[in-house]
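So this one's protein_5.txt, compact mmCIF, N, CA and C atoms and all ligand atoms:
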# COMPACT_ATOMS: atom_id res chain seq x y z
N MET A 1097 67.34 -78.24 1.56
CA MET A 1097 66.15 -78.90 1.00
C MET A 1097 65.79 -78.24 -0.34
N THR A 1098 65.55 -79.08 -1.33
CA THR A 1098 65.19 -78.54 -2.65
C THR A 1098 63.67 -78.49 -2.80
N ILE A 1099 63.21 -77.38 -3.36
CA ILE A 1099 61.78 -77.20 -3.58
C ILE A 1099 61.52 -77.18 -5.09
N SER A 1100 60.45 -77.83 -5.51
CA SER A 1100 60.06 -77.79 -6.92
C SER A 1100 58.55 -77.58 -6.97
N ARG A 1101 58.15 -76.47 -7.60
CA ARG A 1101 56.71 -76.16 -7.64
C ARG A 1101 56.30 -75.70 -9.03
N ARG A 1102 55.08 -76.06 -9.39
CA ARG A 1102 54.50 -75.56 -10.64
C ARG A 1102 53.62 -74.36 -10.31
N VAL A 1103 53.88 -73.26 -10.99
CA VAL A 1103 53.12 -72.03 -10.71
C VAL A 1103 52.78 -71.34 -12.03
N VAL A 1104 51.78 -70.45 -11.93
CA VAL A 1104 51.47 -69.56 -13.06
C VAL A 1104 52.02 -68.18 -12.70
N LEU A 1105 52.83 -67.62 -13.59
CA LEU A 1105 53.36 -66.28 -13.37
C LEU A 1105 52.63 -65.31 -14.28
N HIS A 1106 52.08 -64.26 -13.71
CA HIS A 1106 51.37 -63.23 -14.47
C HIS A 1106 52.30 -62.02 -14.59
N PHE A 1107 52.69 -61.68 -15.81
CA PHE A 1107 53.55 -60.52 -16.04
C PHE A 1107 52.70 -59.35 -16.56
N PRO A 1108 52.67 -58.23 -15.83
CA PRO A 1108 51.97 -57.06 -16.37
C PRO A 1108 52.62 -56.65 -17.69
N ARG A 1109 51.84 -55.96 -18.50
CA ARG A 1109 52.30 -55.56 -19.83
C ARG A 1109 53.68 -54.88 -19.79
N SER A 1110 53.90 -54.04 -18.77
CA SER A 1110 55.15 -53.27 -18.69
C SER A 1110 56.36 -54.16 -18.43
N LEU A 1111 56.14 -55.40 -18.01
CA LEU A 1111 57.27 -56.27 -17.66
C LEU A 1111 57.51 -57.39 -18.67
N VAL A 1112 56.65 -57.47 -19.68
CA VAL A 1112 56.71 -58.62 -20.59
C VAL A 1112 58.08 -58.77 -21.26
N ASP A 1113 58.74 -57.64 -21.58
CA ASP A 1113 60.02 -57.75 -22.29
C ASP A 1113 61.23 -57.62 -21.36
N GLN A 1114 61.02 -57.74 -20.07
CA GLN A 1114 62.13 -57.63 -19.11
C GLN A 1114 62.77 -59.01 -18.87
N PRO A 1115 64.10 -59.04 -18.62
CA PRO A 1115 64.79 -60.33 -18.43
C PRO A 1115 64.62 -60.90 -17.02
N ILE A 1116 63.39 -60.95 -16.56
CA ILE A 1116 63.12 -61.34 -15.17
C ILE A 1116 63.48 -62.79 -14.90
N MET A 1117 63.13 -63.68 -15.82
CA MET A 1117 63.41 -65.10 -15.59
C MET A 1117 64.92 -65.37 -15.61
N CYS A 1118 65.65 -64.63 -16.46
CA CYS A 1118 67.11 -64.80 -16.50
C CYS A 1118 67.73 -64.40 -15.16
N ARG A 1119 67.24 -63.30 -14.59
CA ARG A 1119 67.76 -62.86 -13.29
C ARG A 1119 67.40 -63.87 -12.20
N LEU A 1120 66.22 -64.44 -12.32
CA LEU A 1120 65.79 -65.43 -11.33
C LEU A 1120 66.76 -66.62 -11.32
N ALA A 1121 67.17 -67.03 -12.50
CA ALA A 1121 68.10 -68.16 -12.60
C ALA A 1121 69.51 -67.76 -12.16
N ARG A 1122 69.94 -66.59 -12.63
CA ARG A 1122 71.32 -66.18 -12.41
C ARG A 1122 71.57 -65.75 -10.96
N GLU A 1123 70.66 -64.95 -10.41
CA GLU A 1123 70.92 -64.37 -9.09
C GLU A 1123 70.34 -65.18 -7.94
N PHE A 1124 69.36 -66.04 -8.24
CA PHE A 1124 68.73 -66.79 -7.16
C PHE A 1124 68.88 -68.31 -7.33
N ASN A 1125 69.64 -68.70 -8.34
CA ASN A 1125 69.92 -70.13 -8.57
C ASN A 1125 68.66 -70.96 -8.72
N ILE A 1126 67.65 -70.39 -9.32
CA ILE A 1126 66.40 -71.14 -9.50
C ILE A 1126 66.30 -71.61 -10.95
N ASP A 1127 66.16 -72.91 -11.09
CA ASP A 1127 65.96 -73.48 -12.43
C ASP A 1127 64.50 -73.33 -12.81
N PHE A 1128 64.24 -73.03 -14.06
CA PHE A 1128 62.84 -72.96 -14.47
C PHE A 1128 62.63 -73.72 -15.76
N ASN A 1129 61.50 -74.38 -15.79
CA ASN A 1129 61.11 -75.16 -16.96
C ASN A 1129 59.76 -74.60 -17.42
N ILE A 1130 59.73 -73.98 -18.58
CA ILE A 1130 58.49 -73.36 -19.06
C ILE A 1130 57.59 -74.44 -19.66
N LEU A 1131 56.40 -74.59 -19.06
CA LEU A 1131 55.45 -75.61 -19.52
C LEU A 1131 54.47 -75.03 -20.54
N LYS A 1132 54.08 -73.78 -20.33
CA LYS A 1132 53.19 -73.09 -21.27
C LYS A 1132 53.49 -71.60 -21.20
N ALA A 1133 53.31 -70.92 -22.32
CA ALA A 1133 53.49 -69.46 -22.33
C ALA A 1133 52.45 -68.86 -23.25
N SER A 1134 51.88 -67.75 -22.83
CA SER A 1134 50.90 -67.10 -23.69
C SER A 1134 50.76 -65.64 -23.30
N VAL A 1135 50.09 -64.90 -24.17
CA VAL A 1135 49.83 -63.49 -23.92
C VAL A 1135 48.32 -63.30 -23.96
N THR A 1136 47.76 -62.67 -22.94
CA THR A 1136 46.30 -62.48 -22.88
C THR A 1136 45.91 -61.33 -23.81
N PRO A 1137 44.58 -61.21 -24.08
CA PRO A 1137 44.13 -60.09 -24.92
C PRO A 1137 44.54 -58.72 -24.35
N LYS A 1138 44.76 -58.64 -23.04
CA LYS A 1138 45.20 -57.37 -22.45
C LYS A 1138 46.72 -57.23 -22.50
N GLU A 1139 47.36 -58.18 -23.20
CA GLU A 1139 48.82 -58.20 -23.37
C GLU A 1139 49.56 -58.43 -22.06
N GLU A 1140 48.90 -59.09 -21.14
CA GLU A 1140 49.58 -59.58 -19.94
C GLU A 1140 50.26 -60.89 -20.34
N GLY A 1141 51.50 -61.09 -19.86
CA GLY A 1141 52.18 -62.34 -20.16
C GLY A 1141 51.86 -63.39 -19.11
N LEU A 1142 51.65 -64.62 -19.57
CA LEU A 1142 51.39 -65.72 -18.65
C LEU A 1142 52.40 -66.82 -18.90
N LEU A 1143 53.06 -67.26 -17.86
CA LEU A 1143 53.99 -68.38 -17.98
C LEU A 1143 53.57 -69.44 -16.97
N VAL A 1144 53.43 -70.66 -17.44
CA VAL A 1144 53.26 -71.78 -16.52
C VAL A 1144 54.64 -72.43 -16.42
N VAL A 1145 55.22 -72.39 -15.23
CA VAL A 1145 56.59 -72.86 -15.08
C VAL A 1145 56.74 -73.80 -13.90
N GLU A 1146 57.75 -74.64 -14.01
CA GLU A 1146 58.16 -75.43 -12.85
C GLU A 1146 59.42 -74.76 -12.34
N LEU A 1147 59.38 -74.29 -11.08
CA LEU A 1147 60.52 -73.62 -10.48
C LEU A 1147 61.18 -74.57 -9.49
N THR A 1148 62.49 -74.70 -9.59
CA THR A 1148 63.22 -75.62 -8.70
C THR A 1148 64.43 -74.91 -8.11
N GLY A 1149 64.59 -75.04 -6.80
CA GLY A 1149 65.75 -74.43 -6.17
C GLY A 1149 65.81 -74.78 -4.70
N ASP A 1150 66.93 -74.42 -4.11
CA ASP A 1150 67.08 -74.59 -2.67
C ASP A 1150 66.01 -73.75 -1.95
N ALA A 1151 65.50 -74.25 -0.82
CA ALA A 1151 64.37 -73.59 -0.15
C ALA A 1151 64.63 -72.11 0.12
N LYS A 1152 65.85 -71.78 0.58
CA LYS A 1152 66.15 -70.38 0.90
C LYS A 1152 66.18 -69.55 -0.39
N ASP A 1153 66.82 -70.09 -1.42
CA ASP A 1153 66.87 -69.38 -2.71
C ASP A 1153 65.46 -69.22 -3.28
N TYR A 1154 64.66 -70.27 -3.12
CA TYR A 1154 63.30 -70.24 -3.67
C TYR A 1154 62.51 -69.11 -3.02
N ASP A 1155 62.67 -68.99 -1.72
CA ASP A 1155 61.97 -67.95 -0.98
C ASP A 1155 62.41 -66.56 -1.44
N GLN A 1156 63.72 -66.40 -1.60
CA GLN A 1156 64.25 -65.11 -2.06
C GLN A 1156 63.78 -64.81 -3.49
N GLY A 1157 63.77 -65.85 -4.30
CA GLY A 1157 63.32 -65.69 -5.69
C GLY A 1157 61.86 -65.27 -5.77
N GLN A 1158 61.05 -65.86 -4.92
CA GLN A 1158 59.63 -65.49 -4.88
C GLN A 1158 59.46 -64.02 -4.49
N LYS A 1159 60.26 -63.60 -3.51
CA LYS A 1159 60.19 -62.20 -3.09
C LYS A 1159 60.61 -61.28 -4.24
N TYR A 1160 61.66 -61.69 -4.95
CA TYR A 1160 62.13 -60.88 -6.08
C TYR A 1160 61.01 -60.74 -7.13
N LEU A 1161 60.35 -61.85 -7.44
CA LEU A 1161 59.27 -61.79 -8.44
C LEU A 1161 58.17 -60.85 -7.97
N ALA A 1162 57.79 -60.99 -6.71
CA ALA A 1162 56.71 -60.14 -6.18
C ALA A 1162 57.10 -58.67 -6.21
N GLN A 1163 58.37 -58.40 -5.88
CA GLN A 1163 58.83 -57.00 -5.86
C GLN A 1163 58.82 -56.38 -7.26
N THR A 1164 59.09 -57.20 -8.26
CA THR A 1164 59.10 -56.66 -9.63
C THR A 1164 57.68 -56.45 -10.15
N GLY A 1165 56.68 -57.01 -9.47
CA GLY A 1165 55.30 -56.84 -9.93
C GLY A 1165 54.73 -58.06 -10.60
N VAL A 1166 55.45 -59.18 -10.55
CA VAL A 1166 54.95 -60.43 -11.13
C VAL A 1166 54.07 -61.12 -10.09
N GLU A 1167 52.87 -61.49 -10.51
CA GLU A 1167 51.95 -62.19 -9.60
C GLU A 1167 52.19 -63.70 -9.72
N ILE A 1168 52.31 -64.36 -8.59
CA ILE A 1168 52.58 -65.81 -8.59
C ILE A 1168 51.34 -66.54 -8.11
N GLN A 1169 50.89 -67.50 -8.93
CA GLN A 1169 49.68 -68.24 -8.57
C GLN A 1169 50.01 -69.73 -8.56
N PRO A 1170 49.73 -70.42 -7.47
CA PRO A 1170 50.00 -71.86 -7.45
C PRO A 1170 49.17 -72.59 -8.50
N LEU A 1171 49.70 -73.64 -9.03
CA LEU A 1171 48.98 -74.39 -10.07
C LEU A 1171 48.27 -75.60 -9.48
N SER A 1172 48.02 -75.57 -8.19
CA SER A 1172 47.35 -76.71 -7.56
C SER A 1172 45.84 -76.61 -7.71
N GLN A 1173 45.39 -75.51 -8.33
CA GLN A 1173 43.96 -75.32 -8.46
C GLN A 1173 43.46 -75.98 -9.75
N ASP A 1174 42.25 -76.44 -9.70
CA ASP A 1174 41.66 -77.07 -10.87
C ASP A 1174 40.43 -76.27 -11.28
N VAL A 1175 40.29 -76.02 -12.56
CA VAL A 1175 39.14 -75.26 -13.03
C VAL A 1175 38.14 -76.22 -13.67
N VAL A 1176 36.90 -76.09 -13.27
CA VAL A 1176 35.85 -76.93 -13.84
C VAL A 1176 34.72 -76.04 -14.33
N ARG A 1177 33.91 -76.59 -15.24
CA ARG A 1177 32.75 -75.83 -15.71
C ARG A 1177 31.47 -76.49 -15.19
N ASN A 1178 30.63 -75.67 -14.62
CA ASN A 1178 29.33 -76.14 -14.18
C ASN A 1178 28.42 -76.14 -15.42
N GLU A 1179 28.20 -77.33 -15.95
CA GLU A 1179 27.48 -77.45 -17.22
C GLU A 1179 26.04 -76.95 -17.12
N ASP A 1180 25.47 -77.03 -15.92
CA ASP A 1180 24.09 -76.55 -15.76
C ASP A 1180 24.00 -75.03 -15.86
N ARG A 1181 25.10 -74.37 -15.51
CA ARG A 1181 25.07 -72.90 -15.52
C ARG A 1181 25.49 -72.30 -16.86
N CYS A 1182 26.36 -72.99 -17.59
CA CYS A 1182 26.91 -72.41 -18.83
C CYS A 1182 25.79 -72.18 -19.85
N THR A 1183 25.72 -70.95 -20.36
CA THR A 1183 24.71 -70.59 -21.37
C THR A 1183 25.30 -70.58 -22.78
N HIS A 1184 26.60 -70.92 -22.88
CA HIS A 1184 27.31 -70.93 -24.18
C HIS A 1184 27.26 -69.57 -24.85
N CYS A 1185 27.40 -68.53 -24.01
CA CYS A 1185 27.36 -67.16 -24.53
C CYS A 1185 28.63 -66.81 -25.29
N GLY A 1186 29.74 -67.47 -24.96
CA GLY A 1186 31.00 -67.25 -25.69
C GLY A 1186 31.87 -66.14 -25.11
N ALA A 1187 31.44 -65.50 -24.04
CA ALA A 1187 32.22 -64.39 -23.48
C ALA A 1187 33.64 -64.81 -23.07
N CYS A 1188 33.78 -66.05 -22.67
CA CYS A 1188 35.08 -66.53 -22.19
C CYS A 1188 36.06 -66.85 -23.32
N VAL A 1189 35.56 -67.09 -24.50
CA VAL A 1189 36.41 -67.61 -25.58
C VAL A 1189 37.54 -66.65 -25.95
N VAL A 1190 37.22 -65.37 -26.08
CA VAL A 1190 38.26 -64.41 -26.47
C VAL A 1190 39.23 -64.11 -25.33
N LEU A 1191 38.83 -64.42 -24.12
CA LEU A 1191 39.66 -64.10 -22.96
C LEU A 1191 40.64 -65.21 -22.61
N CYS A 1192 40.29 -66.44 -22.92
CA CYS A 1192 41.13 -67.57 -22.51
C CYS A 1192 42.46 -67.55 -23.26
N PRO A 1193 43.59 -67.46 -22.54
CA PRO A 1193 44.89 -67.34 -23.21
C PRO A 1193 45.40 -68.62 -23.85
N THR A 1194 44.79 -69.75 -23.53
CA THR A 1194 45.35 -71.01 -24.04
C THR A 1194 44.38 -71.74 -24.98
N ALA A 1195 43.29 -71.09 -25.34
CA ALA A 1195 42.28 -71.72 -26.21
C ALA A 1195 41.70 -72.99 -25.59
N ALA A 1196 41.60 -72.97 -24.26
CA ALA A 1196 40.94 -74.09 -23.59
C ALA A 1196 39.42 -73.99 -23.74
N LEU A 1197 38.95 -72.79 -24.07
CA LEU A 1197 37.53 -72.56 -24.31
C LEU A 1197 37.37 -72.15 -25.77
N ILE A 1198 36.73 -72.96 -26.56
CA ILE A 1198 36.61 -72.66 -27.99
C ILE A 1198 35.18 -72.94 -28.47
N VAL A 1199 34.85 -72.31 -29.59
CA VAL A 1199 33.53 -72.52 -30.18
C VAL A 1199 33.58 -73.78 -31.04
N ASP A 1200 32.64 -74.68 -30.82
CA ASP A 1200 32.50 -75.84 -31.71
C ASP A 1200 31.77 -75.34 -32.96
N PRO A 1201 32.46 -75.35 -34.12
CA PRO A 1201 31.86 -74.75 -35.31
C PRO A 1201 30.58 -75.44 -35.77
N SER A 1202 30.42 -76.71 -35.42
CA SER A 1202 29.23 -77.43 -35.90
C SER A 1202 28.00 -77.16 -35.02
N THR A 1203 28.23 -76.95 -33.73
CA THR A 1203 27.08 -76.76 -32.82
C THR A 1203 26.95 -75.33 -32.33
N ARG A 1204 28.03 -74.52 -32.48
CA ARG A 1204 28.12 -73.14 -31.95
C ARG A 1204 28.12 -73.14 -30.42
N ARG A 1205 28.30 -74.29 -29.83
CA ARG A 1205 28.41 -74.35 -28.37
C ARG A 1205 29.89 -74.20 -27.98
N ILE A 1206 30.13 -73.89 -26.71
CA ILE A 1206 31.50 -73.64 -26.25
C ILE A 1206 32.05 -74.91 -25.61
N ASP A 1207 33.15 -75.39 -26.16
CA ASP A 1207 33.81 -76.56 -25.59
C ASP A 1207 34.87 -76.13 -24.58
N PHE A 1208 35.00 -76.88 -23.52
CA PHE A 1208 36.04 -76.62 -22.52
C PHE A 1208 36.99 -77.80 -22.48
N ASP A 1209 38.27 -77.55 -22.78
CA ASP A 1209 39.30 -78.60 -22.76
C ASP A 1209 40.16 -78.39 -21.52
N ASN A 1210 39.87 -79.18 -20.50
CA ASN A 1210 40.57 -79.01 -19.22
C ASN A 1210 42.08 -79.23 -19.36
N ASP A 1211 42.50 -80.06 -20.30
CA ASP A 1211 43.94 -80.33 -20.46
C ASP A 1211 44.72 -79.09 -20.90
N LYS A 1212 44.04 -78.17 -21.58
CA LYS A 1212 44.72 -76.94 -22.03
C LYS A 1212 44.66 -75.84 -20.99
N CYS A 1213 43.82 -76.01 -20.00
CA CYS A 1213 43.59 -74.95 -18.99
C CYS A 1213 44.80 -74.82 -18.07
N ILE A 1214 45.25 -73.58 -17.86
CA ILE A 1214 46.37 -73.34 -16.94
C ILE A 1214 45.88 -72.73 -15.62
N ALA A 1215 44.58 -72.74 -15.41
CA ALA A 1215 43.99 -72.24 -14.16
C ALA A 1215 44.37 -70.79 -13.88
N CYS A 1216 44.36 -69.96 -14.94
CA CYS A 1216 44.70 -68.55 -14.74
C CYS A 1216 43.57 -67.79 -14.06
N GLY A 1217 42.36 -68.31 -14.16
CA GLY A 1217 41.22 -67.70 -13.46
C GLY A 1217 40.51 -66.59 -14.21
N ILE A 1218 40.99 -66.25 -15.41
CA ILE A 1218 40.38 -65.13 -16.15
C ILE A 1218 38.90 -65.39 -16.43
N CYS A 1219 38.59 -66.61 -16.87
CA CYS A 1219 37.20 -66.91 -17.22
C CYS A 1219 36.30 -66.97 -15.99
N VAL A 1220 36.90 -67.28 -14.85
CA VAL A 1220 36.09 -67.43 -13.63
C VAL A 1220 35.42 -66.11 -13.28
N THR A 1221 36.17 -65.03 -13.38
CA THR A 1221 35.59 -63.72 -13.05
C THR A 1221 34.81 -63.15 -14.22
N ALA A 1222 35.12 -63.57 -15.44
CA ALA A 1222 34.46 -62.99 -16.62
C ALA A 1222 33.14 -63.65 -16.97
N CYS A 1223 32.93 -64.86 -16.53
CA CYS A 1223 31.72 -65.60 -16.93
C CYS A 1223 30.47 -65.00 -16.27
N PRO A 1224 29.53 -64.50 -17.07
CA PRO A 1224 28.34 -63.84 -16.48
C PRO A 1224 27.57 -64.73 -15.50
N PRO A 1225 27.26 -66.00 -15.84
CA PRO A 1225 26.49 -66.80 -14.87
C PRO A 1225 27.36 -67.57 -13.88
N ARG A 1226 28.66 -67.22 -13.86
CA ARG A 1226 29.60 -67.87 -12.91
C ARG A 1226 29.61 -69.40 -13.10
N ALA A 1227 29.73 -69.81 -14.35
CA ALA A 1227 29.75 -71.25 -14.64
C ALA A 1227 31.14 -71.85 -14.43
N MET A 1228 32.20 -71.02 -14.54
CA MET A 1228 33.56 -71.53 -14.37
C MET A 1228 33.95 -71.42 -12.90
N GLU A 1229 34.42 -72.52 -12.36
CA GLU A 1229 34.71 -72.55 -10.92
C GLU A 1229 36.11 -73.08 -10.66
N ILE A 1230 36.77 -72.52 -9.67
CA ILE A 1230 38.07 -73.04 -9.24
C ILE A 1230 37.85 -73.95 -8.06
N ARG A 1231 38.34 -75.17 -8.19
CA ARG A 1231 38.28 -76.13 -7.07
C ARG A 1231 39.64 -76.21 -6.42
N PHE A 1232 39.68 -76.17 -5.13
CA PHE A 1232 40.96 -76.24 -4.42
C PHE A 1232 41.22 -77.65 -3.93
S1 LIG A 1301 31.35 -67.15 -20.34
FE1 LIG A 1301 30.48 -68.73 -18.96
S2 LIG A 1301 28.39 -69.03 -19.70
FE2 LIG A 1301 29.52 -68.00 -21.34
S3 LIG A 1301 30.29 -69.71 -22.62
FE3 LIG A 1301 31.90 -69.21 -21.17
S4 LIG A 1301 31.57 -70.64 -19.46
FE4 LIG A 1301 29.68 -70.61 -20.65
S1 LIG A 1302 41.15 -70.63 -16.22
FE1 LIG A 1302 39.71 -70.19 -17.87
S2 LIG A 1302 40.70 -68.54 -19.05
FE2 LIG A 1302 42.29 -69.49 -17.78
S3 LIG A 1302 43.20 -71.07 -19.09
FE3 LIG A 1302 41.58 -72.07 -17.89
S4 LIG A 1302 39.79 -72.00 -19.20
FE4 LIG A 1302 41.24 -70.50 -20.02

Full structure transcribed into structure tokens:
Amino acid sequence: MTISRRVVLHFPRSLVDQPIMCRLAREFNIDFNILKASVTPKEEGLLVVELTGDAKDYDQGQKYLAQTGVEIQPLSQDVVRNEDRCTHCGACVVLCPTAALIVDPSTRRIDFDNDKCIACGICVTACPPRAMEIRF
């Protein structure tokens, strides 16, 4: 049985330049399609990828990623902003790795573009009034 899943991979700074994805393909027969890639302000690497492989290989590949220290997050989560709570303080803007949260130069308010969001969750924990929410 073939499995195909979209996930967010979080690479700690120490692993950003390691050939982890090449090994995943070569040793575990997992195809990967990179949908988005970025580096956070803390220099953590983020990859949004579609991983495809035989179920057994996929399982082994996941274990390999976890053992190397890569955090795997399913992309089935949706991030929304509670407009009543957002104070437009801007704290999230510098943290968002994909510029899904940006300052509108004309109003100085913070715009949220859900299409750019990769559901990394960084803003959810960083937002002082907890305006950013993950929906499952
Ligand atoms: S950190 Fe929270 S309150 Fe501040 S602009 Fe971002 S979403 Fe709004
Ligand atoms: S979860 Fe928040 S920080 Fe992460 S990409 Fe989406 S808007 Fe940006």

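Shortest atom-to-atom contact with Cys1216 in chain A among A:Met1117, A:Gln1169, A:Gln1156, A:Pro1201: A:Gln1169, counting all atoms listed in the file.
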
*List all protein, DNA and RNA residues that have an atom no more than 6.5 Å from any atom of ligand LIG 1302 (chain A), counting all atoms listed in the file, and report them as number ranges by chain.*
A: 1175, 1191-1197, 1212-1220

Contacts of Arg1101 in chain A within 6 Å, all atoms listed in the file, excl. fewer than 4 positions in-chain, as a PDB file with N, CA and C atoms, keeping the file's coordinate frame:
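Final output, saved to selection36.pdb:
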ATOM      1  N   VAL A1145      55.220 -72.390 -15.230  1.00  0.00           N
ATOM      2  CA  VAL A1145      56.590 -72.860 -15.080  1.00  0.00           C
ATOM      3  C   VAL A1145      56.740 -73.800 -13.900  1.00  0.00           C
ATOM      4  N   GLU A1146      57.750 -74.640 -14.010  1.00  0.00           N
ATOM      5  CA  GLU A1146      58.160 -75.430 -12.850  1.00  0.00           C
ATOM      6  C   GLU A1146      59.420 -74.760 -12.340  1.00  0.00           C
ATOM      7  N   LEU A1147      59.380 -74.290 -11.080  1.00  0.00           N
ATOM      8  CA  LEU A1147      60.520 -73.620 -10.480  1.00  0.00           C
ATOM      9  C   LEU A1147      61.180 -74.570  -9.490  1.00  0.00           C
ATOM     10  N   THR A1148      62.490 -74.700  -9.590  1.00  0.00           N
ATOM     11  CA  THR A1148      63.220 -75.620  -8.700  1.00  0.00           C
ATOM     12  C   THR A1148      64.430 -74.910  -8.110  1.00  0.00           C
TER      13      THR A1148
END

Can I get the residues close to ligand LIG 1301 (chain A) as an mmCIF file with N, CA and C atoms, in the frame of the given file, where close means within 6 Å and we count all atoms listed in the file?
data_model
loop_
_atom_site.group_PDB
_atom_site.id
_atom_site.type_symbol
_atom_site.label_atom_id
_atom_site.label_comp_id
_atom_site.auth_asym_id
_atom_site.auth_seq_id
_atom_site.Cartn_x
_atom_site.Cartn_y
_atom_site.Cartn_z
ATOM 1 N N ARG A 1181 25.100 -74.370 -15.510
ATOM 2 C CA ARG A 1181 25.070 -72.900 -15.520
ATOM 3 C C ARG A 1181 25.490 -72.300 -16.860
ATOM 4 N N CYS A 1182 26.360 -72.990 -17.590
ATOM 5 C CA CYS A 1182 26.910 -72.410 -18.830
ATOM 6 C C CYS A 1182 25.790 -72.180 -19.850
ATOM 7 N N THR A 1183 25.720 -70.950 -20.360
ATOM 8 C CA THR A 1183 24.710 -70.590 -21.370
ATOM 9 C C THR A 1183 25.300 -70.580 -22.780
ATOM 10 N N HIS A 1184 26.600 -70.920 -22.880
ATOM 11 C CA HIS A 1184 27.310 -70.930 -24.180
ATOM 12 C C HIS A 1184 27.260 -69.570 -24.850
ATOM 13 N N CYS A 1185 27.400 -68.530 -24.010
ATOM 14 C CA CYS A 1185 27.360 -67.160 -24.530
ATOM 15 C C CYS A 1185 28.630 -66.810 -25.290
ATOM 16 N N GLY A 1186 29.740 -67.470 -24.960
ATOM 17 C CA GLY A 1186 31.000 -67.250 -25.690
ATOM 18 C C GLY A 1186 31.870 -66.140 -25.110
ATOM 19 N N ALA A 1187 31.440 -65.500 -24.040
ATOM 20 C CA ALA A 1187 32.220 -64.390 -23.480
ATOM 21 C C ALA A 1187 33.640 -64.810 -23.070
ATOM 22 N N CYS A 1188 33.780 -66.050 -22.670
ATOM 23 C CA CYS A 1188 35.080 -66.530 -22.190
ATOM 24 C C CYS A 1188 36.060 -66.850 -23.320
ATOM 25 N N VAL A 1189 35.560 -67.090 -24.500
ATOM 26 C CA VAL A 1189 36.410 -67.610 -25.580
ATOM 27 C C VAL A 1189 37.540 -66.650 -25.950
ATOM 28 N N ILE A 1206 30.130 -73.890 -26.710
ATOM 29 C CA ILE A 1206 31.500 -73.640 -26.250
ATOM 30 C C ILE A 1206 32.050 -74.910 -25.610
ATOM 31 N N ALA A 1222 35.120 -63.570 -15.440
ATOM 32 C CA ALA A 1222 34.460 -62.990 -16.620
ATOM 33 C C ALA A 1222 33.140 -63.650 -16.970
ATOM 34 N N CYS A 1223 32.930 -64.860 -16.530
ATOM 35 C CA CYS A 1223 31.720 -65.600 -16.930
ATOM 36 C C CYS A 1223 30.470 -65.000 -16.270
ATOM 37 N N PRO A 1224 29.530 -64.500 -17.070
ATOM 38 C CA PRO A 1224 28.340 -63.840 -16.480
ATOM 39 C C PRO A 1224 27.570 -64.730 -15.500
ATOM 40 N N PRO A 1225 27.260 -66.000 -15.840
ATOM 41 C CA PRO A 1225 26.490 -66.800 -14.870
ATOM 42 C C PRO A 1225 27.360 -67.570 -13.880
ATOM 43 N N ARG A 1226 28.660 -67.220 -13.860
ATOM 44 C CA ARG A 1226 29.600 -67.870 -12.910
ATOM 45 C C ARG A 1226 29.610 -69.400 -13.100
ATOM 46 N N ALA A 1227 29.730 -69.810 -14.350
ATOM 47 C CA ALA A 1227 29.750 -71.250 -14.640
ATOM 48 C C ALA A 1227 31.140 -71.850 -14.430
ATOM 49 N N MET A 1228 32.200 -71.020 -14.540
ATOM 50 C CA MET A 1228 33.560 -71.530 -14.370
ATOM 51 C C MET A 1228 33.950 -71.420 -12.900
#

How big is the axis-aligned box around the listed atoms of range 1200-1208 of chain A once 5 Å is added on each side, and where is its centre? Give both in Å to one decimal, as AutoDock Vina command-line options.
--center_x 32.0 --center_y -75.5 --center_z -29.2 --size_x 20.0 --size_y 14.7 --size_z 23.4
